[in-house]
>>> print(open('entry.csv').read())   # CSV, C-alpha atoms and all ligand atoms
chain,number,residue,atom,x,y,z
A,1,MET,CA,-34.6,122.2,-298.0
A,2,LYS,CA,-32.7,120.6,-295.1
A,3,MET,CA,-34.7,120.0,-291.9
A,4,ASN,CA,-33.8,118.4,-288.5
A,5,GLY,CA,-30.4,117.4,-289.9
A,6,GLY,CA,-32.0,114.5,-291.7
A,7,LEU,CA,-30.1,112.4,-294.3
A,8,ARG,CA,-30.9,113.3,-297.9
A,9,ASN,CA,-29.7,111.4,-301.0
A,10,LEU,CA,-27.0,114.0,-301.6
A,11,ASP,CA,-25.6,114.3,-298.1
A,12,PRO,CA,-21.8,114.9,-298.6
A,13,ALA,CA,-21.1,112.2,-296.0
A,14,LEU,CA,-22.3,109.6,-298.5
A,15,ARG,CA,-19.3,110.4,-300.7
A,16,ARG,CA,-17.2,108.5,-298.1
A,17,ALA,CA,-19.0,105.2,-298.6
A,18,TRP,CA,-19.4,102.4,-301.2
A,19,HIS,CA,-22.4,102.6,-303.5
A,20,PRO,CA,-23.6,100.3,-306.3
A,21,LEU,CA,-23.0,102.0,-309.6
A,22,CYS,CA,-24.5,99.3,-311.8
A,23,ARG,CA,-24.6,95.5,-312.3
A,24,SER,CA,-21.4,93.9,-313.5
A,25,SER,CA,-23.3,92.7,-316.6
A,26,GLU,CA,-24.1,96.3,-317.5
A,27,VAL,CA,-20.4,97.1,-318.1
A,28,ALA,CA,-18.8,96.0,-321.4
A,29,THR,CA,-16.1,97.3,-323.6
A,30,GLU,CA,-18.1,100.3,-324.7
A,31,PRO,CA,-18.5,103.2,-322.4
A,32,ARG,CA,-21.8,103.7,-320.5
A,33,SER,CA,-23.0,106.4,-318.2
A,34,PHE,CA,-24.5,105.9,-314.7
A,35,GLY,CA,-25.7,108.4,-312.2
A,36,LEU,CA,-24.6,108.4,-308.5
A,37,LEU,CA,-24.7,111.1,-305.8
A,38,GLY,CA,-25.7,113.9,-308.3
A,39,GLU,CA,-22.9,113.1,-310.7
A,40,ARG,CA,-22.6,111.1,-313.9
A,41,TYR,CA,-19.9,108.4,-314.2
A,42,VAL,CA,-18.6,106.6,-317.3
A,43,ALA,CA,-17.8,103.0,-316.9
A,44,TYR,CA,-16.2,100.4,-319.2
A,45,ARG,CA,-14.3,97.1,-318.9
A,46,ALA,CA,-10.7,97.2,-319.7
A,47,LYS,CA,-8.8,94.3,-321.4
A,48,ASP,CA,-7.6,93.0,-318.0
A,49,ALA,CA,-11.4,92.6,-317.1
A,50,THR,CA,-11.3,95.3,-314.5
A,51,VAL,CA,-13.9,98.0,-314.6
A,52,ARG,CA,-12.7,101.6,-315.2
A,53,VAL,CA,-14.8,104.4,-313.8
A,54,PHE,CA,-14.3,108.2,-314.4
A,55,LEU,CA,-16.5,111.2,-314.2
A,56,ASP,CA,-18.5,111.3,-317.4
A,57,ARG,CA,-17.1,114.7,-318.4
A,58,CYS,CA,-14.2,115.3,-320.7
A,59,PRO,CA,-11.7,117.8,-319.2
A,60,HIS,CA,-11.5,119.7,-322.5
A,61,ARG,CA,-15.0,120.9,-323.2
A,62,PHE,CA,-16.9,118.8,-320.7
A,63,ALA,CA,-18.5,116.6,-323.3
A,64,PRO,CA,-20.0,113.3,-321.9
A,65,LEU,CA,-17.3,110.7,-322.4
A,66,SER,CA,-19.9,108.0,-322.5
A,67,LEU,CA,-20.7,109.1,-326.1
A,68,GLY,CA,-17.1,108.2,-327.0
A,69,SER,CA,-15.7,104.8,-327.8
A,70,CYS,CA,-13.1,102.4,-326.4
A,71,GLU,CA,-9.9,101.7,-328.3
A,72,GLY,CA,-8.5,98.7,-326.5
A,73,ASP,CA,-8.0,100.0,-322.9
A,74,ALA,CA,-8.3,103.6,-323.9
A,75,LEU,CA,-11.3,105.9,-324.2
A,76,ARG,CA,-11.7,108.4,-327.0
A,77,CYS,CA,-13.9,111.4,-326.6
A,78,ALA,CA,-16.6,111.8,-329.2
A,79,TYR,CA,-16.1,115.6,-329.5
A,80,HIS,CA,-12.5,116.4,-330.4
A,81,GLY,CA,-11.1,112.9,-330.2
A,82,TRP,CA,-8.8,113.2,-327.2
A,83,LEU,CA,-7.6,109.8,-326.1
A,84,PHE,CA,-7.4,108.8,-322.5
A,85,ASP,CA,-5.6,105.6,-321.2
A,86,ALA,CA,-7.0,103.2,-318.6
A,87,GLU,CA,-5.5,105.4,-315.9
A,88,GLY,CA,-7.4,108.4,-317.3
A,89,ARG,CA,-4.2,110.1,-318.7
A,90,CYS,CA,-4.6,111.9,-322.0
A,91,THR,CA,-2.2,110.4,-324.5
A,92,GLU,CA,-3.3,112.1,-327.7
A,93,ILE,CA,-4.8,115.4,-328.7
A,94,PRO,CA,-5.5,115.0,-332.5
A,95,ALA,CA,-5.8,118.8,-333.1
A,96,LEU,CA,-2.2,119.4,-332.0
A,97,GLY,CA,-0.7,116.8,-334.3
A,98,THR,CA,1.3,113.8,-333.5
A,99,ASP,CA,4.4,115.4,-331.8
A,100,ALA,CA,2.4,117.5,-329.4
A,101,VAL,CA,3.1,117.5,-325.7
A,102,VAL,CA,-0.1,116.7,-323.9
A,103,PRO,CA,-0.7,119.0,-320.9
A,104,THR,CA,-0.5,117.0,-317.6
A,105,ARG,CA,-3.8,118.6,-316.5
A,106,ALA,CA,-5.5,116.6,-319.3
A,107,GLN,CA,-6.4,113.8,-316.9
A,108,LEU,CA,-9.8,112.3,-316.1
A,109,SER,CA,-10.9,112.3,-312.6
A,110,GLY,CA,-12.4,109.2,-311.0
A,111,PRO,CA,-13.8,107.9,-307.7
A,112,ALA,CA,-11.4,107.1,-305.0
A,113,ARG,CA,-12.2,103.4,-305.1
A,114,VAL,CA,-13.9,101.0,-307.6
A,115,GLY,CA,-14.6,97.3,-306.8
A,116,GLU,CA,-16.9,94.4,-307.7
A,117,SER,CA,-18.9,92.2,-305.4
A,118,HIS,CA,-21.8,89.8,-305.8
A,119,GLY,CA,-22.3,90.8,-309.5
A,120,MET,CA,-22.3,94.5,-308.9
A,121,VAL,CA,-19.9,97.4,-309.5
A,122,PHE,CA,-19.3,99.5,-306.4
A,123,VAL,CA,-17.8,102.9,-306.2
A,124,ALA,CA,-16.6,105.1,-303.3
A,125,PRO,CA,-16.3,108.7,-304.5
A,126,LEU,CA,-13.9,109.5,-301.6
A,127,PRO,CA,-11.8,107.1,-299.5
A,128,PRO,CA,-14.6,105.1,-297.8
A,129,LEU,CA,-15.2,104.9,-294.0
A,130,THR,CA,-17.5,101.9,-294.5
A,131,PRO,CA,-16.5,98.4,-295.6
A,132,MET,CA,-17.0,97.0,-299.1
A,133,PRO,CA,-20.3,95.1,-299.0
A,134,ARG,CA,-20.4,91.3,-299.5
A,135,VAL,CA,-23.2,88.7,-299.7
A,136,ALA,CA,-22.1,85.4,-298.2
A,137,ALA,CA,-24.5,83.3,-300.2
A,138,ASP,CA,-23.1,84.7,-303.4
A,139,GLY,CA,-20.0,82.5,-303.3
A,140,ASP,CA,-21.9,79.4,-302.2
A,141,ALA,CA,-22.6,76.9,-305.0
A,142,ALA,CA,-25.7,75.6,-303.2
A,143,PHE,CA,-27.5,78.9,-304.1
A,144,MET,CA,-29.1,79.9,-307.3
A,145,LYS,CA,-29.2,83.6,-308.0
A,146,GLY,CA,-31.9,85.7,-309.7
A,147,ASP,CA,-31.9,89.4,-310.4
A,148,LEU,CA,-35.0,91.6,-310.2
A,149,PRO,CA,-35.4,94.3,-312.9
A,150,ILE,CA,-33.7,97.5,-311.8
A,151,PHE,CA,-36.1,100.1,-310.3
A,152,GLU,CA,-35.6,103.8,-310.5
A,153,THR,CA,-37.9,105.8,-308.4
A,154,ARG,CA,-38.5,109.0,-306.6
A,155,ALA,CA,-37.4,108.1,-303.1
A,156,SER,CA,-35.0,108.7,-300.3
A,157,ALA,CA,-32.3,106.0,-300.1
A,158,GLY,CA,-32.3,106.4,-296.3
A,159,LEU,CA,-36.1,105.9,-296.1
A,160,LEU,CA,-35.9,102.9,-298.4
A,161,ALA,CA,-33.3,101.3,-296.2
A,162,ASP,CA,-35.5,102.0,-293.2
A,163,ASN,CA,-38.4,100.4,-295.0
A,164,PHE,CA,-36.4,97.2,-295.8
A,165,LEU,CA,-35.4,96.8,-292.1
A,166,ASP,CA,-38.9,97.6,-290.8
A,167,MET,CA,-40.8,94.5,-289.5
A,168,ALA,CA,-44.1,96.1,-288.4
A,169,HIS,CA,-45.5,97.1,-291.9
A,170,PHE,CA,-46.0,93.6,-293.4
A,171,PRO,CA,-49.7,93.0,-292.6
A,172,PHE,CA,-50.6,96.5,-293.8
A,173,VAL,CA,-48.4,97.3,-296.8
A,174,HIS,CA,-48.0,93.7,-298.0
A,175,ALA,CA,-51.6,92.6,-297.5
A,176,ASN,CA,-51.8,91.5,-301.2
A,177,THR,CA,-48.6,89.5,-301.2
A,178,PHE,CA,-47.1,87.9,-298.1
A,179,GLY,CA,-48.6,90.1,-295.5
A,180,ALA,CA,-52.0,88.6,-295.1
A,181,ASP,CA,-50.8,85.7,-292.9
A,182,GLN,CA,-48.4,87.8,-290.9
A,183,ALA,CA,-49.0,88.4,-287.2
A,184,ARG,CA,-49.3,92.0,-286.4
A,185,GLU,CA,-47.1,91.8,-283.3
A,186,VAL,CA,-43.4,91.9,-284.0
A,187,PRO,CA,-41.5,89.2,-282.0
A,188,HIS,CA,-38.7,90.3,-279.6
A,189,PHE,CA,-35.4,90.6,-281.4
A,190,SER,CA,-32.0,91.9,-280.6
A,191,VAL,CA,-29.6,93.9,-282.7
A,192,THR,CA,-25.9,93.1,-282.9
A,193,ARG,CA,-23.7,96.0,-284.0
A,194,ASP,CA,-20.4,95.6,-285.8
A,195,GLY,CA,-18.9,99.0,-286.8
A,196,TYR,CA,-20.8,100.4,-289.7
A,197,ALA,CA,-22.9,97.2,-289.9
A,198,PHE,CA,-25.4,95.4,-287.8
A,199,SER,CA,-27.6,92.3,-287.9
A,200,ALA,CA,-31.0,91.6,-286.3
A,201,ALA,CA,-32.5,88.1,-286.0
A,202,TYR,CA,-35.6,86.4,-284.7
A,203,GLU,CA,-37.6,83.2,-285.1
A,204,HIS,CA,-41.3,82.9,-285.5
A,205,GLU,CA,-44.0,80.6,-286.6
A,206,PHE,CA,-45.7,81.0,-290.0
A,207,LEU,CA,-48.0,79.1,-292.4
A,208,ASN,CA,-45.8,77.4,-295.0
A,209,ARG,CA,-48.2,77.2,-297.9
A,210,GLU,CA,-45.4,76.6,-300.4
A,211,ASP,CA,-44.1,73.4,-298.7
A,212,PRO,CA,-45.0,70.3,-300.7
A,213,GLY,CA,-44.4,68.4,-297.4
A,214,VAL,CA,-47.6,69.9,-296.1
A,215,VAL,CA,-49.7,68.4,-298.9
A,216,GLU,CA,-47.9,65.1,-298.4
A,217,GLY,CA,-48.7,65.1,-294.8
A,218,VAL,CA,-45.0,65.0,-293.7
A,219,ARG,CA,-45.0,68.4,-292.0
A,220,PRO,CA,-47.6,70.6,-290.4
A,221,LEU,CA,-48.7,73.8,-292.0
A,222,LEU,CA,-47.5,75.9,-289.1
A,223,GLN,CA,-43.7,75.9,-289.2
A,224,ARG,CA,-40.8,77.8,-287.8
A,225,ARG,CA,-38.4,80.1,-289.7
A,226,ARG,CA,-35.5,82.4,-288.7
A,227,LEU,CA,-35.2,85.8,-290.2
A,228,THR,CA,-31.8,87.5,-290.2
A,229,TYR,CA,-31.4,91.0,-291.4
A,230,ARG,CA,-27.9,92.2,-292.2
A,231,TYR,CA,-27.2,95.9,-292.9
A,232,THR,CA,-24.0,97.5,-294.1
A,233,ALA,CA,-23.9,101.3,-294.3
A,234,PRO,CA,-25.1,103.2,-296.0
A,235,PHE,CA,-27.7,101.3,-298.1
A,236,HIS,CA,-26.7,97.7,-298.4
A,237,LEU,CA,-29.3,95.3,-297.1
A,238,GLU,CA,-30.0,91.6,-296.9
A,239,LEU,CA,-32.6,89.4,-295.4
A,240,ALA,CA,-31.9,85.7,-295.0
A,241,ILE,CA,-35.0,83.5,-294.3
A,242,GLU,CA,-34.2,80.0,-293.0
A,243,PHE,CA,-37.0,77.5,-293.1
A,244,LEU,CA,-36.2,75.5,-289.9
A,245,ASP,CA,-38.7,72.7,-290.5
A,246,ALA,CA,-38.9,72.3,-294.3
A,247,GLY,CA,-35.2,73.2,-294.8
A,248,GLY,CA,-33.8,75.8,-297.3
A,249,THR,CA,-32.7,79.4,-297.2
A,250,ASN,CA,-33.9,82.4,-299.2
A,251,VAL,CA,-31.7,85.5,-299.3
A,252,ILE,CA,-33.1,88.8,-300.5
A,253,GLY,CA,-30.5,91.5,-301.3
A,254,PHE,CA,-31.5,95.1,-301.6
A,255,PHE,CA,-28.8,97.6,-302.8
A,256,LEU,CA,-29.6,101.2,-303.1
A,257,THR,CA,-28.0,103.9,-305.3
A,258,PRO,CA,-28.7,107.5,-304.3
A,259,VAL,CA,-28.8,109.0,-307.9
A,260,ASP,CA,-29.8,112.6,-307.2
A,261,ASP,CA,-31.7,114.5,-304.5
A,262,GLU,CA,-35.0,112.8,-305.3
A,263,THR,CA,-34.1,109.6,-307.2
A,264,VAL,CA,-32.9,106.2,-306.1
A,265,ARG,CA,-32.0,103.1,-308.2
A,266,ILE,CA,-32.9,99.8,-306.5
A,267,TYR,CA,-30.9,96.7,-307.3
A,268,SER,CA,-32.4,93.6,-305.8
A,269,SER,CA,-31.3,90.0,-306.2
A,270,LEU,CA,-32.5,86.7,-304.7
A,271,TRP,CA,-30.2,83.8,-303.7
A,272,ARG,CA,-32.1,80.5,-303.0
A,273,ASP,CA,-30.9,77.0,-302.3
A,274,ASP,CA,-34.4,75.4,-302.3
A,275,LEU,CA,-35.4,75.6,-306.0
A,276,ALA,CA,-33.7,72.5,-307.3
A,277,GLY,CA,-32.1,74.5,-310.0
A,278,SER,CA,-35.5,75.4,-311.6
A,279,GLU,CA,-35.3,78.6,-313.6
A,280,GLU,CA,-39.1,78.7,-313.8
A,281,ARG,CA,-39.4,78.7,-310.0
A,282,MET,CA,-36.8,81.4,-309.8
A,283,ARG,CA,-38.8,83.5,-312.3
A,284,ALA,CA,-41.9,83.0,-310.2
A,285,ALA,CA,-40.0,84.1,-307.0
A,286,ILE,CA,-38.7,87.2,-308.8
A,287,ASP,CA,-42.2,88.1,-310.0
A,288,PHE,CA,-43.5,87.8,-306.4
A,289,GLU,CA,-40.6,89.9,-305.1
A,290,VAL,CA,-41.3,92.6,-307.7
A,291,ALA,CA,-44.9,92.8,-306.5
A,292,VAL,CA,-43.6,93.2,-302.9
A,293,VAL,CA,-41.2,96.0,-303.9
A,294,GLU,CA,-44.0,97.8,-305.8
A,295,GLU,CA,-46.2,97.6,-302.7
A,296,ASP,CA,-43.4,99.3,-300.7
A,297,LEU,CA,-42.7,101.9,-303.4
A,298,ARG,CA,-46.4,103.0,-303.6
A,299,LEU,CA,-45.9,104.5,-300.1
A,300,GLN,CA,-42.1,105.3,-300.2
A,301,SER,CA,-42.3,107.3,-303.4
A,302,ARG,CA,-44.9,109.6,-301.9
A,303,TYR,CA,-43.0,110.9,-298.9
A,304,GLN,CA,-43.2,114.6,-299.0
A,305,SER,CA,-39.8,115.1,-297.4
A,306,LEU,CA,-37.2,112.8,-298.9
A,307,GLU,CA,-34.9,112.5,-295.9
A,308,LEU,CA,-34.3,110.1,-293.1
A,309,PRO,CA,-34.4,111.8,-289.7
A,310,LEU,CA,-31.1,111.3,-287.9
A,311,ASP,CA,-32.1,113.1,-284.7
A,312,ILE,CA,-33.5,110.2,-282.7
A,313,HIS,CA,-35.8,112.5,-280.8
A,314,ALA,CA,-37.5,113.7,-284.0
A,315,GLU,CA,-39.7,110.6,-284.4
A,316,LEU,CA,-41.4,108.1,-282.1
A,317,HIS,CA,-39.7,104.7,-281.7
A,318,THR,CA,-41.0,101.5,-280.1
A,319,ARG,CA,-39.3,98.2,-279.2
A,320,ALA,CA,-40.5,97.0,-282.7
A,321,ASP,CA,-38.3,99.7,-284.2
A,322,ARG,CA,-34.9,98.6,-282.7
A,323,SER,CA,-33.2,97.9,-286.0
A,324,THR,CA,-34.4,101.0,-287.8
A,325,LEU,CA,-33.3,103.0,-284.7
A,326,GLU,CA,-29.9,101.4,-285.1
A,327,LEU,CA,-29.9,102.4,-288.8
A,328,ARG,CA,-30.2,106.1,-287.7
A,329,ARG,CA,-27.4,105.7,-285.2
A,330,VAL,CA,-25.0,104.1,-287.7
A,331,LEU,CA,-25.8,106.8,-290.4
A,332,ARG,CA,-25.5,109.5,-287.7
A,333,GLU,CA,-22.0,108.2,-287.0
A,334,LEU,CA,-21.1,108.2,-290.7
A,335,VAL,CA,-22.2,111.8,-291.0
A,336,ASP,CA,-20.3,112.9,-287.8
A,337,CYS,CA,-17.1,111.0,-288.8
A,338,SER,CA,-17.2,112.4,-292.3
A,339,ASN,CA,-17.8,116.0,-291.0
A,340,ALA,CA,-14.8,115.6,-288.6
A,341,LEU,CA,-12.4,114.8,-291.5
A,401,LIG,S1,-14.6,117.8,-325.3
A,401,LIG,FE1,-13.6,115.9,-325.3
A,401,LIG,S2,-12.1,116.2,-326.7
A,401,LIG,FE2,-13.0,118.0,-326.6
A,402,FE,FE,-41.9,96.0,-297.3
>>> encode(input="entry.csv", output="structure tokens", more="lines below")
Ligand code: FES
Ligand SMILES: [Fe+2]
Amino acid sequence: MKMNGGLRNLDPALRRAWHPLCRSSEVATEPRSFGLLGERYVAYRAKDATVRVFLDRCPHRFAPLSLGSCEGDALRCAYHGWLFDAEGRCTEIPALGTDAVVPTRAQLSGPARVGESHGMVFVAPLPPLTPMPRVAADGDAAFMKGDLPIFETRASAGLLADNFLDMAHFPFVHANTFGADQAREVPHFSVTRDGYAFSAAYEHEFLNREDPGVVEGVRPLLQRRRLTYRYTAPFHLELAIEFLDAGGTNVIGFFLTPVDDETVRIYSSLWRDDLAGSEERMRAAIDFEVAVVEEDLRLQSRYQSLELPLDIHAELHTRADRSTLELRRVLRELVDCSNAL
């Protein structure tokens, strides 16, 4: 199964990183099950509004706890009614009567860390080596946010991250959306590394067909924009597009959950400060982005081998592939550091 030491969805090193478990809006006061790294987790929101996450498996007879129910901050298993408090300690075993001493081993296990950021619940199964992901535009009142529907697809999270950072595929894969006008040549760009994160930026000219200023004759059709990619290991990606002539910034967030060896969940959101608060324009932007993701998935879901090569000599790289080469270096370090622990 494993070849060339490539990164697969269930690589043990990924347990030492933050991953999106779900959107914050998906967690309420009833338990719900979500898959991550080959395991099922149960999540619910406690009275203090914090999200509680445990393995979705009762320690008694391994029944899925997500079939149970919440009683205040506690979670009751649907099978024999064991009750677990918000820390996962069993406080009641109905079959033993009210005075029974509950065995200390009757304790739920959970991930090492749970947190929320930009409207998502993140989980690190083991103490994370990578930083908690953030999206700067999320706290900025000038930006409106829109969520794409959640995709679940056959894919490699590493290959999808590679695809998001890739700048040379636009005219080919995205010929029916934004790719038709794209120059085939990738401009020179540099990559700035910061621990388990990096950014890559370049400016280029493009045809701004959406700018009303073009129709009004205020601005030319050919305008400048700056694209800044931000990556945080393992699978947290952002692209900020700044319109240097017309003004405004679009941020596309792409957050990947390796669910099992062959499945990835894709959470994508848009942050825009140029829609004048129009929900209708945001819906149109989301529909367009969905079409773009579908174009990518048509290819990504058909990879025969679902792994991202981490041996940098295994593939051919060009100067247009600097950021995706850096992706391999960062993930190689994560795997090496995790193995050394
Ligand atoms: S399996 Fe959960 S109480 Fe028995
Ligand atoms: Fe793409």
>>> closest_residue(input="entry.csv", among="A:Leu221, A:Leu299, A:Cys22, A:Leu310", to="Met120 (chain A)", atoms="all atoms listed in the file")
A:Cys22
>>> residues_near_ligand(input="entry.csv", ligand="ligand FE 402 (chain A)", cutoff="9 Å", atoms="all atoms listed in the file", output="ChimeraX atom specification")
/A:163-167,169-170,173-174,292-297
>>> residues_near_ligand(input="entry.csv", ligand="ligand LIG 401 (chain A)", cutoff="6 Å", atoms="only C-alpha atoms and all ligand atoms", output="JSON list (two decimals) with C-alpha atoms, in the frame of the given file")
[["chain", "number", "residue", "atom", "x", "y", "z"],
["A", 58, "CYS", "CA", -14.20, 115.30, -320.70],
["A", 60, "HIS", "CA", -11.50, 119.70, -322.50],
["A", 61, "ARG", "CA", -15.00, 120.90, -323.20],
["A", 62, "PHE", "CA", -16.90, 118.80, -320.70],
["A", 63, "ALA", "CA", -18.50, 116.60, -323.30],
["A", 77, "CYS", "CA", -13.90, 111.40, -326.60],
["A", 79, "TYR", "CA", -16.10, 115.60, -329.50],
["A", 80, "HIS", "CA", -12.50, 116.40, -330.40],
["A", 81, "GLY", "CA", -11.10, 112.90, -330.20],
["A", 82, "TRP", "CA", -8.80, 113.20, -327.20]]
>>> residues_around(input="entry.csv", residues="Leu256 (chain A)", least_positions_apart="4", cutoff="10 Å", atoms="only C-alpha atoms", output="list of chain:residue names")
A:His19, A:Pro20, A:Leu21, A:Phe151, A:Glu152, A:Ser156, A:Ala157, A:Gly158, A:Leu160, A:Ala161, A:Pro234, A:Phe235, A:His236, A:Leu237, A:Val264, A:Arg265, A:Ile266, A:Tyr267, A:Ser268
>>> closest_atom_pairs(input="entry.csv", of="region 156-262 of chain A", to="region 286-290 of chain A", cutoff="12 Å", atoms="all atoms listed in the file", output="JSON lines")
{"residue": "A:His174", "atom": "CA", "partner": "A:Glu289", "partner_atom": "CA", "distance": 10.9}
{"residue": "A:Asn176", "atom": "CA", "partner": "A:Phe288", "partner_atom": "CA", "distance": 10.5}
{"residue": "A:Thr177", "atom": "CA", "partner": "A:Phe288", "partner_atom": "CA", "distance": 7.5}
{"residue": "A:Phe178", "atom": "CA", "partner": "A:Phe288", "partner_atom": "CA", "distance": 9.0}
{"residue": "A:Asn250", "atom": "CA", "partner": "A:Glu289", "partner_atom": "CA", "distance": 11.7}
{"residue": "A:Val251", "atom": "CA", "partner": "A:Glu289", "partner_atom": "CA", "distance": 11.5}
{"residue": "A:Ile252", "atom": "CA", "partner": "A:Glu289", "partner_atom": "CA", "distance": 8.9}
{"residue": "A:Gly253", "atom": "CA", "partner": "A:Glu289", "partner_atom": "CA", "distance": 10.9}
{"residue": "A:Phe254", "atom": "CA", "partner": "A:Glu289", "partner_atom": "CA", "distance": 11.0}
>>> residues_around(input="entry.csv", residues="Phe54 (chain A)", least_positions_apart="2", cutoff="6 Å", atoms="all atoms listed in the file", output="PDB file with C-alpha atoms, keeping the file's coordinate frame")
ATOM      1  CA  TYR A  41     -19.900 108.400-314.200  1.00  0.00           C
ATOM      2  CA  VAL A  42     -18.600 106.600-317.300  1.00  0.00           C
ATOM      3  CA  SER A 109     -10.900 112.300-312.600  1.00  0.00           C
ATOM      4  CA  GLY A 110     -12.400 109.200-311.000  1.00  0.00           C
TER       5      GLY A 110
END
>>> atom_distance(input="entry.csv", atom1="CA of Ser25 (chain A)", atom2="CA of Leu67 (chain A)")
19.1 Å
>>> atom_distance(input="entry.csv", atom1="CA of Ser278 (chain A)", atom2="CA of Arg134 (chain A)")
25.0 Å
>>> residues_around(input="entry.csv", residues="Leu222 (chain A)", least_positions_apart="4", cutoff="12 Å", atoms="only C-alpha atoms", output="PyMOL selection string")
chain A and resi 181+204-211+213-214+243-246
>>> closest_residue(input="entry.csv", among="A:Glu30, A:Leu36, A:Arg283, A:Val101", to="Leu75 (chain A)", atoms="only C-alpha atoms")
A:Glu30
>>> closest_residue(input="entry.csv", among="A:Asp162, A:Asp274, A:Glu333, A:Asp260", to="Asp11 (chain A)", atoms="only C-alpha atoms")
A:Asp260
>>> residues_near_point(input="entry.csv", point="(-33.8, 97.0, -279.9)", cutoff="10 Å", atoms="only C-alpha atoms", output="ChimeraX atom specification")
/A:188-192,200,317-326
>>> residues_around(input="entry.csv", residues="Leu159 (chain A)", least_positions_apart="5", cutoff="8 Å", atoms="all atoms listed in the file", output="PyMOL selection string")
chain A and resi 300+306-308
